[in-house]
Amino acid sequence: MGSGAHSSDDGGEPGPVNFCSQQYSWAEVQRRSGPEERWLVINRKIYNISSFYQRHPGGARVISHYSGQDATDAFTAFHIDKALVSKYMSSLQVGELAPDQPSSEPAKNAMLTAEFRELRLAVEKMGLMKPSQAFFLCALLHILLLDVLAWLTLWHFGTSVVPFLITALLLGTVQAQAGWLQHDYGHLSVFSKSKWNHWLHHFVIGHLKGAPASWWNHLHFQHHAKPNCFRKDPDINMHPLLFALGKKLSVELGMQKKKYMPYNQQHKYFFFIGPPALMPLYFQWFIFYFVVKRKKWVDLAWMLTFYARLYFTYQPLLGVGGLFGLFMLVRFIESNWFVWVTQMNHIPMNIDYDQNKDWVSTQLQATCNVHQSLFNDWFSGHLNFQIEHHLFPTMPRHNYWKVAPLVKSLCAKYGIEYQSKTLLTAFADIVHSLKESGELWLDAYLHK
């Protein structure tokens, strides 16, 4: 589950094989959904993860989110060496679904699930899961080139306002683009071996960005497993303390007479506490708390190389005060870039508690696309193809456009809305959705 593929290249021997003939119904599986006992199903096999989930390489929460559920498609989506991981899972197996039981919960769309799995096999045969090393090398080199160009700008033209702002813009671009590239390595999309993805992930997110890989893994795989599912997707944890998100949750909040913020004004204060503040005022400081609390010393070492490099290259040119000002301005630029791009695909979509729908429905109701163009692809790190990315999270991003027509066809066949819009419309829809959910909250707060 999640980034469980992290174990693909780790040492150690698989546990003993446990052949189980015990058969269970879905009702029996669903009763084991925690916290005392946690079962899940993968390819009709039932696994007891009660004593394992805390040791899960991809994180305890991401695998626990599927307790009592079929996790076949999530397992397939997140692991690049499924055969090896399956060997380690053998000791966890406690039985199988009874022959009269469907392969997934009765409420899920079995035909859609079966056809999507056929699509995935076709995608693999077409070679769309194979990365282009040249593409990712160019992506890394263009980031490093911009990084050098930023320093040369101050070194050659001096530290007056114009060179200072140009340098900040270049470094902000470096941070944004490095954010998209670390995302590729984190998803194991660049190399066939997990360890190479992990090493480059540490380098890009740690040395080039000053953030911990473990922190990103902890949050991001939960988001992919259950996107826009309240209490399971950490990306919507700003509900309800800062924002009222989603129609159903906003009405529920109003009916409960809860008011942590003036939500009917959230489409306005979003511009102040959202895009400009997330990186410099929250993430920047929380990441240090995260690595110290969890004793992620390797991550901390990588992070410190970023700050050491920043200090020794820019302090001689700007002094300590000037360097701090540059750093905060860069984080401000990065934050605006990051928030608008990452939220345009999700905030306007359905936000609710986990309804335990099939993989395709779960991802499509929570994601939308932005039209393809060279600029949109570069600006968003190909996350304008958010639908394809969520359906195939380990697919290298340069292949999203190739699989998109197949995904559209599947959605059309089963009556699932496949949303794609312009970049500016996607930005505007963030604000419109916040306004709508704020008004729904106010109406419920006053009248229900």
# chains A, B, ... in the order shown; residues from 1 in each chain; ligands from 1
$ closest_atom_pairs --of "range 302-373 of chain A" --to "range 411-435 of chain A" --cutoff "7 Å" --atoms "only C-alpha atoms" --output "tab-separated table"
residue	atom	partner	partner_atom	distance
A:Trp340	CA	A:Phe427	CA	6.5
A:Met344	CA	A:Ala426	CA	5.2
A:Ile347	CA	A:Ile430	CA	6.0
A:Pro348	CA	A:Ser433	CA	5.3
A:Cys368	CA	A:Gln419	CA	5.0
A:Asn369	CA	A:Ser420	CA	4.4
A:Val370	CA	A:Lys421	CA	4.8
A:His371	CA	A:Thr422	CA	5.5
$ write_last_selection --atoms "all heavy atoms" --output "PDB file, in the first residue's frame"
ATOM      1  N   TRP A 340      -1.633  27.252  -5.923  1.00  0.00           N
ATOM      2  CA  TRP A 340      -2.586  27.380  -7.026  1.00  0.00           C
ATOM      3  C   TRP A 340      -2.589  26.135  -7.905  1.00  0.00           C
ATOM      4  O   TRP A 340      -3.643  25.645  -8.320  1.00  0.00           O
ATOM      5  CB  TRP A 340      -2.266  28.624  -7.856  1.00  0.00           C
ATOM      6  CG  TRP A 340      -2.683  29.909  -7.202  1.00  0.00           C
ATOM      7  CD1 TRP A 340      -1.870  30.832  -6.603  1.00  0.00           C
ATOM      8  CD2 TRP A 340      -4.019  30.401  -7.047  1.00  0.00           C
ATOM      9  NE1 TRP A 340      -2.617  31.870  -6.093  1.00  0.00           N
ATOM     10  CE2 TRP A 340      -3.936  31.632  -6.345  1.00  0.00           C
ATOM     11  CE3 TRP A 340      -5.266  29.936  -7.422  1.00  0.00           C
ATOM     12  CZ2 TRP A 340      -5.054  32.392  -6.029  1.00  0.00           C
ATOM     13  CZ3 TRP A 340      -6.399  30.694  -7.106  1.00  0.00           C
ATOM     14  CH2 TRP A 340      -6.289  31.896  -6.423  1.00  0.00           C
ATOM     15  N   MET A 344      -5.937  23.466  -7.718  1.00  0.00           N
ATOM     16  CA  MET A 344      -6.866  23.655  -8.839  1.00  0.00           C
ATOM     17  C   MET A 344      -7.491  22.333  -9.277  1.00  0.00           C
ATOM     18  O   MET A 344      -8.577  22.318  -9.853  1.00  0.00           O
ATOM     19  CB  MET A 344      -6.146  24.304 -10.024  1.00  0.00           C
ATOM     20  CG  MET A 344      -5.110  23.419 -10.700  1.00  0.00           C
ATOM     21  SD  MET A 344      -4.248  24.289 -12.029  1.00  0.00           S
ATOM     22  CE  MET A 344      -3.187  22.957 -12.656  1.00  0.00           C
ATOM     23  N   ILE A 347      -9.696  21.045  -4.951  1.00  0.00           N
ATOM     24  CA  ILE A 347     -10.629  21.823  -4.129  1.00  0.00           C
ATOM     25  C   ILE A 347     -12.000  21.989  -4.789  1.00  0.00           C
ATOM     26  O   ILE A 347     -13.029  21.889  -4.118  1.00  0.00           O
ATOM     27  CB  ILE A 347     -10.025  23.203  -3.773  1.00  0.00           C
ATOM     28  CG1 ILE A 347      -8.851  23.033  -2.807  1.00  0.00           C
ATOM     29  CG2 ILE A 347     -11.086  24.118  -3.138  1.00  0.00           C
ATOM     30  CD1 ILE A 347      -9.223  22.435  -1.469  1.00  0.00           C
ATOM     31  N   PRO A 348     -12.079  22.214  -6.108  1.00  0.00           N
ATOM     32  CA  PRO A 348     -13.409  22.356  -6.714  1.00  0.00           C
ATOM     33  C   PRO A 348     -14.175  21.042  -6.868  1.00  0.00           C
ATOM     34  O   PRO A 348     -15.344  21.053  -7.248  1.00  0.00           O
ATOM     35  CB  PRO A 348     -13.099  22.953  -8.107  1.00  0.00           C
ATOM     36  CG  PRO A 348     -11.715  23.482  -8.018  1.00  0.00           C
ATOM     37  CD  PRO A 348     -11.015  22.571  -7.060  1.00  0.00           C
ATOM     38  N   CYS A 368      -9.578  16.692 -11.454  1.00  0.00           N
ATOM     39  CA  CYS A 368      -9.902  17.207 -12.774  1.00  0.00           C
ATOM     40  C   CYS A 368      -8.604  17.620 -13.462  1.00  0.00           C
ATOM     41  O   CYS A 368      -7.565  17.771 -12.815  1.00  0.00           O
ATOM     42  CB  CYS A 368     -10.869  18.384 -12.703  1.00  0.00           C
ATOM     43  SG  CYS A 368     -10.205  19.848 -11.879  1.00  0.00           S
ATOM     44  N   ASN A 369      -8.674  17.797 -14.764  1.00  0.00           N
ATOM     45  CA  ASN A 369      -7.499  18.152 -15.551  1.00  0.00           C
ATOM     46  C   ASN A 369      -7.519  19.609 -15.983  1.00  0.00           C
ATOM     47  O   ASN A 369      -8.557  20.278 -15.944  1.00  0.00           O
ATOM     48  CB  ASN A 369      -7.414  17.274 -16.807  1.00  0.00           C
ATOM     49  CG  ASN A 369      -6.832  15.903 -16.530  1.00  0.00           C
ATOM     50  OD1 ASN A 369      -6.581  15.543 -15.373  1.00  0.00           O
ATOM     51  ND2 ASN A 369      -6.628  15.124 -17.575  1.00  0.00           N
ATOM     52  N   VAL A 370      -6.366  20.065 -16.439  1.00  0.00           N
ATOM     53  CA  VAL A 370      -6.216  21.359 -17.099  1.00  0.00           C
ATOM     54  C   VAL A 370      -5.686  21.080 -18.498  1.00  0.00           C
ATOM     55  O   VAL A 370      -4.831  20.206 -18.678  1.00  0.00           O
ATOM     56  CB  VAL A 370      -5.260  22.277 -16.311  1.00  0.00           C
ATOM     57  CG1 VAL A 370      -4.875  23.510 -17.130  1.00  0.00           C
ATOM     58  CG2 VAL A 370      -5.906  22.689 -14.994  1.00  0.00           C
ATOM     59  N   HIS A 371      -6.204  21.803 -19.478  1.00  0.00           N
ATOM     60  CA  HIS A 371      -5.857  21.526 -20.871  1.00  0.00           C
ATOM     61  C   HIS A 371      -4.342  21.480 -21.079  1.00  0.00           C
ATOM     62  O   HIS A 371      -3.582  22.232 -20.459  1.00  0.00           O
ATOM     63  CB  HIS A 371      -6.450  22.593 -21.795  1.00  0.00           C
ATOM     64  CG  HIS A 371      -7.937  22.673 -21.759  1.00  0.00           C
ATOM     65  ND1 HIS A 371      -8.739  21.609 -21.416  1.00  0.00           N
ATOM     66  CD2 HIS A 371      -8.787  23.709 -22.037  1.00  0.00           C
ATOM     67  CE1 HIS A 371     -10.009  21.976 -21.476  1.00  0.00           C
ATOM     68  NE2 HIS A 371     -10.064  23.241 -21.845  1.00  0.00           N
TER      69      HIS A 371
END
$ residues_around --residues "Gln386 in chain A" --least-positions-apart "6" --cutoff "12 Å" --atoms "only C-alpha atoms" --output "PDB file with C-alpha atoms, in the first residue's frame"
ATOM      1  CA  HIS A 224      -3.414   9.375  -3.420  1.00  0.00           C
ATOM      2  CA  PRO A 227      -8.196  11.779  -2.361  1.00  0.00           C
ATOM      3  CA  VAL A 341      -1.346  24.408  -9.056  1.00  0.00           C
ATOM      4  CA  THR A 342      -2.001  21.701  -6.473  1.00  0.00           C
ATOM      5  CA  GLN A 343      -5.410  22.968  -5.376  1.00  0.00           C
ATOM      6  CA  MET A 344      -6.866  23.655  -8.839  1.00  0.00           C
ATOM      7  CA  ASN A 345      -7.323  19.910  -9.435  1.00  0.00           C
ATOM      8  CA  HIS A 346      -8.946  19.016  -6.109  1.00  0.00           C
ATOM      9  CA  GLN A 363     -10.064   9.150  -8.244  1.00  0.00           C
ATOM     10  CA  LEU A 364     -12.339  10.769 -10.848  1.00  0.00           C
ATOM     11  CA  GLN A 365     -14.722  12.345  -8.352  1.00  0.00           C
ATOM     12  CA  ALA A 366     -11.770  14.023  -6.629  1.00  0.00           C
ATOM     13  CA  THR A 367      -9.663  15.151  -9.607  1.00  0.00           C
ATOM     14  CA  CYS A 368      -9.902  17.207 -12.774  1.00  0.00           C
ATOM     15  CA  ASN A 369      -7.499  18.152 -15.551  1.00  0.00           C
ATOM     16  CA  VAL A 370      -6.216  21.359 -17.099  1.00  0.00           C
ATOM     17  CA  HIS A 371      -5.857  21.526 -20.871  1.00  0.00           C
ATOM     18  CA  GLN A 372      -2.534  20.471 -22.307  1.00  0.00           C
ATOM     19  CA  ASP A 377       2.851  20.960 -18.828  1.00  0.00           C
ATOM     20  CA  SER A 380       2.412  22.327 -13.412  1.00  0.00           C
ATOM     21  CA  PHE A 392      -1.548   5.528 -12.610  1.00  0.00           C
ATOM     22  CA  PRO A 393       0.619   7.206  -9.924  1.00  0.00           C
ATOM     23  CA  MET A 395       3.471   6.287 -14.618  1.00  0.00           C
ATOM     24  CA  ARG A 397       4.581  12.039 -16.466  1.00  0.00           C
ATOM     25  CA  TYR A 400       0.126  11.045 -19.406  1.00  0.00           C
ATOM     26  CA  TRP A 401      -0.997  12.579 -22.688  1.00  0.00           C
ATOM     27  CA  ALA A 404      -5.502  10.281 -21.622  1.00  0.00           C
ATOM     28  CA  VAL A 407      -9.083   7.102 -19.887  1.00  0.00           C
ATOM     29  CA  TYR A 418     -13.975  13.641 -17.165  1.00  0.00           C
ATOM     30  CA  GLN A 419     -13.337  17.313 -16.450  1.00  0.00           C
ATOM     31  CA  SER A 420     -10.713  19.363 -18.261  1.00  0.00           C
ATOM     32  CA  LYS A 421     -10.539  23.154 -18.256  1.00  0.00           C
TER      33      LYS A 421
END
$ closest_residue --among "A:Gly274, A:Gly438, A:Gly210, A:Gly254" --to "Val339 in chain A" --atoms "only C-alpha atoms"
A:Gly274
$ closest_atom_pairs --of "range 155-189 of chain A" --to "range 319-337 of chain A" --cutoff "6 Å" --atoms "only C-alpha atoms" --output "JSON lines"
{"residue": "A:Ala168", "atom": "CA", "partner": "A:Val330", "partner_atom": "CA", "distance": 5.4}
{"residue": "A:Gly172", "atom": "CA", "partner": "A:Val330", "partner_atom": "CA", "distance": 4.8}
{"residue": "A:Ala176", "atom": "CA", "partner": "A:Glu334", "partner_atom": "CA", "distance": 5.5}
$ closest_residue --among "A:Leu281, A:Lys402, A:Ser409, A:Thr362" --to "Val123 in chain A" --atoms "only C-alpha atoms"
A:Lys402
$ residues_around --residues "Leu249 in chain A" --least-positions-apart "2" --cutoff "10 Å" --atoms "only C-alpha atoms" --output "list of chain:residue names"
A:Phe230, A:His239, A:Pro240, A:Ala244, A:Leu245, A:Gly246, A:Lys247, A:Val251, A:Glu252, A:Leu253, A:Gly254, A:Met255, A:Ile351, A:Asp352, A:Tyr353, A:Ser437, A:Leu440, A:Trp441
$ residues_around --residues "Phe75 in chain A" --least-positions-apart "5" --cutoff "12 Å" --atoms "only C-alpha atoms" --output "JSON, numbers by chain"
{"A": [1, 2, 3, 4, 5, 40, 41, 42, 43, 58, 62, 63, 66, 69, 70, 80, 81, 82, 83, 85, 86, 89, 221, 224, 225, 359, 391, 392, 393, 394]}
$ closest_residue --among "A:Leu137, A:Ala301, A:Ile143, A:Leu200" --to "His183 in chain A" --atoms "only C-alpha atoms"
A:Leu200
$ atom_distance --atom1 "CA of Ala27 in chain A" --atom2 "CA of Ala60 in chain A"
23.6 Å
